[in-house]
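Reviewing the structure listed below.
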Amino acid sequence: MEYVDLRSDTVTKPTPEMRKAMAEAEVGDDVLGDDPTVNRLQQKVAELLGKEAALYVPSGSMGNAVCIRAQTRPGEEIVTERFAHVVNYEVANAAAISGVQTNTIDGTNGIITRSQIEPCLRMESLHTPGTRLICVENTHNRAGGTVFPLVEMKGIKSLAEEKGLRVHLDGARLWNAHIATGVSLSDFAACADSVSVCFSKGLGAPIGSCVAGSREFIEKSIRVRKMFGGGMRQVGIIAAAALYAVENNIERLAEDHTNARYLAEELAAIDGVELDLETVQSNIVIFDVSGTGKTAPEVTEKWQGLGTLALPISTSKIRVVTHLDVTFEQCKQAIKMFKEVVGA
Ligand SMILES: *Cc1c(COP(=O)(O)O)cnc(C)c1O
């Protein structure tokens with residue numbers, strides 16, 4: 001059966017055009033700085049983000065880990081939102097690899113503000129760890145793809161400057177925040193010292209992320225990446241897919257957002273489904289099905305039987321994600337199947 005696959009925007013497969021770009025990529029030893037395709041990708045991403053330099057890494061988790069390790073010392077503290085990807089879905093790498101403690105703040109739809117963060121900052125003393133880094137996530141995955149508003153990001157950046165701290169932006173889906181708001185990638189990125197972006201989510205590449213920042217930060221990150229085992233050789237072969245994705249697949253994210261909006265509005269109208277349309281701002285929709293009398297895993301199992309794949313994220317909540325391998329027509333089919341599952 002050919003499924004409508006709404007589990008994640010990571011499920012996309014490279015298109016024939018992308019594979020052609022990969023097959024024809026010029027390559028070299030990237031650990032020696034010799035891969036022209038990687039260099040072109042890094043240059044392009046640095047330009048888009050308005051940073052001095054960028055560095056290609058194998059995954060978003062490694063990107064965040066490199067940024068945290070390069071900007072902290074063991075025993076220091078980082079501040080982030082409670083449901084941030086860096087503390088929930090990266091196997092505690094900040095603690096395990098960088099040796100930092102995480103101070104998490106309850107946000108609203110993933111957003112934390114300057115005034116919430118300020119009282120949580122700590123000066124290094126005989127008893128306390130010093131706060132070194134503030135991490136923000138845009139768009140926010142667990143909150144349902146919500147956009148971290150530019151004005152809030154600016155507030156955090158100015159606080160960090162006043163206190164001599166650094167800001168890291170987990171921008172795995174910063175592309176989506178840009179398309180959802182019209183705010184440029186570089187305006188968002190200007191609010192952070194380090195940024196990580198993913199090519200393997202909505203942009204549709206099979207692998208890879210970049211981190212970006214000052215030249216000094218990237219010099220340091222090259223060593224950290226090597227320490228983590230992320231130095232790669234003729235990696236232009238996959239960087240070509242990322243370059244193709246950045247050049248061709250950013251603007252089309254608008255289509256994914258339209259499809260997500262459609263799914264959200266249809267789902268919200270179904271009896272027993274609880275869904276906050278306010279949180280549907282990009283390509284992710286999270287909704288509660290407890291009112292249908294079924295648990296989320298029961299619903300997703302039945303939905304799968306009819307041909308739609310989705311992930312339960314708790315006993316009552318389901319997440320669906322739109323991406324370039326899902327058409328509007330398929331979204332309509334998914335809704336039809338969902339109505340059958342819950343008897344609507
Ligand atoms: C996907 C994602 C990452 C990185 O995940 P990988 O699977 O390691 O590439 C980081 N942050 C957010 C917000 C994500 O959604």
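Residues in the structure tokens are named by chain (A, B, ... in the order shown) and by number from 1 within that chain; ligands are numbered from 1 in the order shown.
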Practice prompt. Would you list, as a VMD selection string, the residues of segment 15-206 of chain A that end up in strand (DSSP E or B) under DSSP run on this structure's backbone?
Written response: chain A and resid 53 to 57 77 to 81 101 to 105 108 111 131 to 137 140 146 166 to 171 194 to 198
Practice prompt. Kindly provide, as a PyMOL selection string, all nucleotide and amino acid residues lying within 8 Å of ligand 1, counting only C-alpha atoms and all ligand atoms.
Written response: chain A and resi 10+58-64+84-86+89-90+137-142+170-173+198+200-201+207-209
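With only C-alpha atoms taken into account, the protein and nucleic acid residues at most 12 Å from Lys332 of chain A (excluding it and anything under 2 positions from it in its own chain) are Val4, Asn259, Ala260, Arg261, Tyr262, Leu263, Ala264, Glu265, Glu266, Leu267, Thr308, Val326, Thr327, Phe328, Glu329, Gln330, Ala334, Ile335, Lys336, Met337, Phe338 and Lys339 of chain A.
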Item to complete: Could you tell me which of A:Asn109, A:Gln42, A:Asn103, A:Ser98 comes closest to Arg122 of chain A if we count only C-alpha atoms?
Response: A:Asn103
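Residue nearest Asp276 of chain A, chosen from A:Thr146, A:Thr131, A:Asn39, A:Thr12 and counting only C-alpha atoms: A:Thr146.
Comparing A:Val341, A:Leu48, A:Ala54, A:Val147 by their smallest distance to Asn176 of chain A, the closest is A:Val147 (using only C-alpha atoms).
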Practice prompt. Check segment 157-267 of chain A with DSSP on the backbone and list each residue it calls helix (DSSP H, G or I), as a PyMOL selection string.
Written response: chain A and resi 157-163+174-181+185-189+215-227+236-248+253-267
Any chance you can output those residues with C-alpha atoms as a CSV table (one decimal), in the first residue's frame?
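Generated file (result.csv):
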chain,number,residue,atom,x,y,z
A,157,LYS,CA,19.9,38.7,22.1
A,158,SER,CA,20.0,42.1,23.8
A,159,LEU,CA,19.8,40.5,27.2
A,160,ALA,CA,22.7,38.1,26.3
A,161,GLU,CA,24.8,41.1,25.1
A,162,GLU,CA,24.2,43.0,28.4
A,163,LYS,CA,25.2,39.9,30.4
A,174,LEU,CA,14.4,28.1,10.4
A,175,TRP,CA,13.5,27.8,6.7
A,176,ASN,CA,9.8,27.3,7.8
A,177,ALA,CA,9.9,30.3,10.1
A,178,HIS,CA,11.2,32.4,7.3
A,179,ILE,CA,8.5,31.3,4.9
A,180,ALA,CA,5.7,31.5,7.5
A,181,THR,CA,6.6,35.1,8.5
A,185,LEU,CA,16.8,34.1,7.5
A,186,SER,CA,19.6,36.6,8.3
A,187,ASP,CA,17.3,38.8,10.5
A,188,PHE,CA,16.5,35.7,12.6
A,189,ALA,CA,20.1,34.6,12.6
A,215,ARG,CA,34.9,32.8,11.5
A,216,GLU,CA,36.4,32.3,15.0
A,217,PHE,CA,33.5,30.2,16.1
A,218,ILE,CA,33.6,28.1,12.9
A,219,GLU,CA,37.4,27.5,13.4
A,220,LYS,CA,36.7,26.2,16.8
A,221,SER,CA,33.7,24.1,15.5
A,222,ILE,CA,35.9,22.4,12.9
A,223,ARG,CA,38.0,20.9,15.8
A,224,VAL,CA,34.9,20.0,17.8
A,225,ARG,CA,33.3,18.3,14.8
A,226,LYS,CA,36.6,16.3,14.3
A,227,MET,CA,36.5,15.4,18.0
A,236,GLY,CA,30.4,16.7,-1.6
A,237,ILE,CA,28.3,13.7,-2.9
A,238,ILE,CA,25.8,14.4,-0.2
A,239,ALA,CA,26.4,18.1,0.2
A,240,ALA,CA,25.3,18.4,-3.4
A,241,ALA,CA,21.8,17.2,-2.3
A,242,ALA,CA,21.8,19.9,0.4
A,243,LEU,CA,22.9,22.5,-2.0
A,244,TYR,CA,20.1,21.4,-4.4
A,245,ALA,CA,17.6,21.6,-1.6
A,246,VAL,CA,18.6,25.1,-0.5
A,247,GLU,CA,18.5,26.4,-4.1
A,248,ASN,CA,15.2,24.8,-5.0
A,253,LEU,CA,7.6,25.3,1.9
A,254,ALA,CA,4.6,27.6,1.6
A,255,GLU,CA,2.8,24.7,0.1
A,256,ASP,CA,3.5,22.5,3.1
A,257,HIS,CA,2.2,25.3,5.3
A,258,THR,CA,-1.1,25.5,3.3
A,259,ASN,CA,-1.5,21.8,3.5
A,260,ALA,CA,-0.9,21.8,7.3
A,261,ARG,CA,-3.5,24.6,7.7
A,262,TYR,CA,-6.0,22.5,5.7
A,263,LEU,CA,-5.4,19.4,7.9
A,264,ALA,CA,-5.6,21.5,11.0
A,265,GLU,CA,-8.9,23.1,10.1
A,266,GLU,CA,-10.5,19.9,9.0
A,267,LEU,CA,-9.3,18.0,12.1
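With only C-alpha atoms taken into account, the protein and nucleic acid residues at most 12 Å from Pro74 of chain A (excluding it and anything under 6 positions from it in its own chain) are A:Ile68, A:Ala94, A:Ala95, A:Ala96, A:Ile97, A:Ser98, A:Gly99, A:Val100, A:Gln101, A:Thr102, A:Pro129, A:Gly130, A:Thr131, A:Arg132.
Counting only C-alpha atoms, the residue from A:Asp106, A:Gly50, A:Pro206, A:Tyr56 that sits nearest to Gly231 of chain A is A:Tyr56.
Proximity of A:Asn93, A:Asn249, A:Gln333, A:Gln304 to Pro14 of chain A, computed with only C-alpha atoms, is greatest for A:Asn249.
Distances from A:Pro312, A:Gly33, A:Gly213, A:Gly305 to Lys51 of chain A were compared using only C-alpha atoms, and the smallest one belongs to A:Gly213.
For the pair atom CA of Ala53 of chain A and atom CA of Ala21 of chain A, the interatomic distance is 23.4 Å.
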Item to complete: Record the distance separating atom CA of Asp34 of chain A and atom CA of Phe228 of chain A, expressed in Å with one decimal.
Response: 20.2 Å
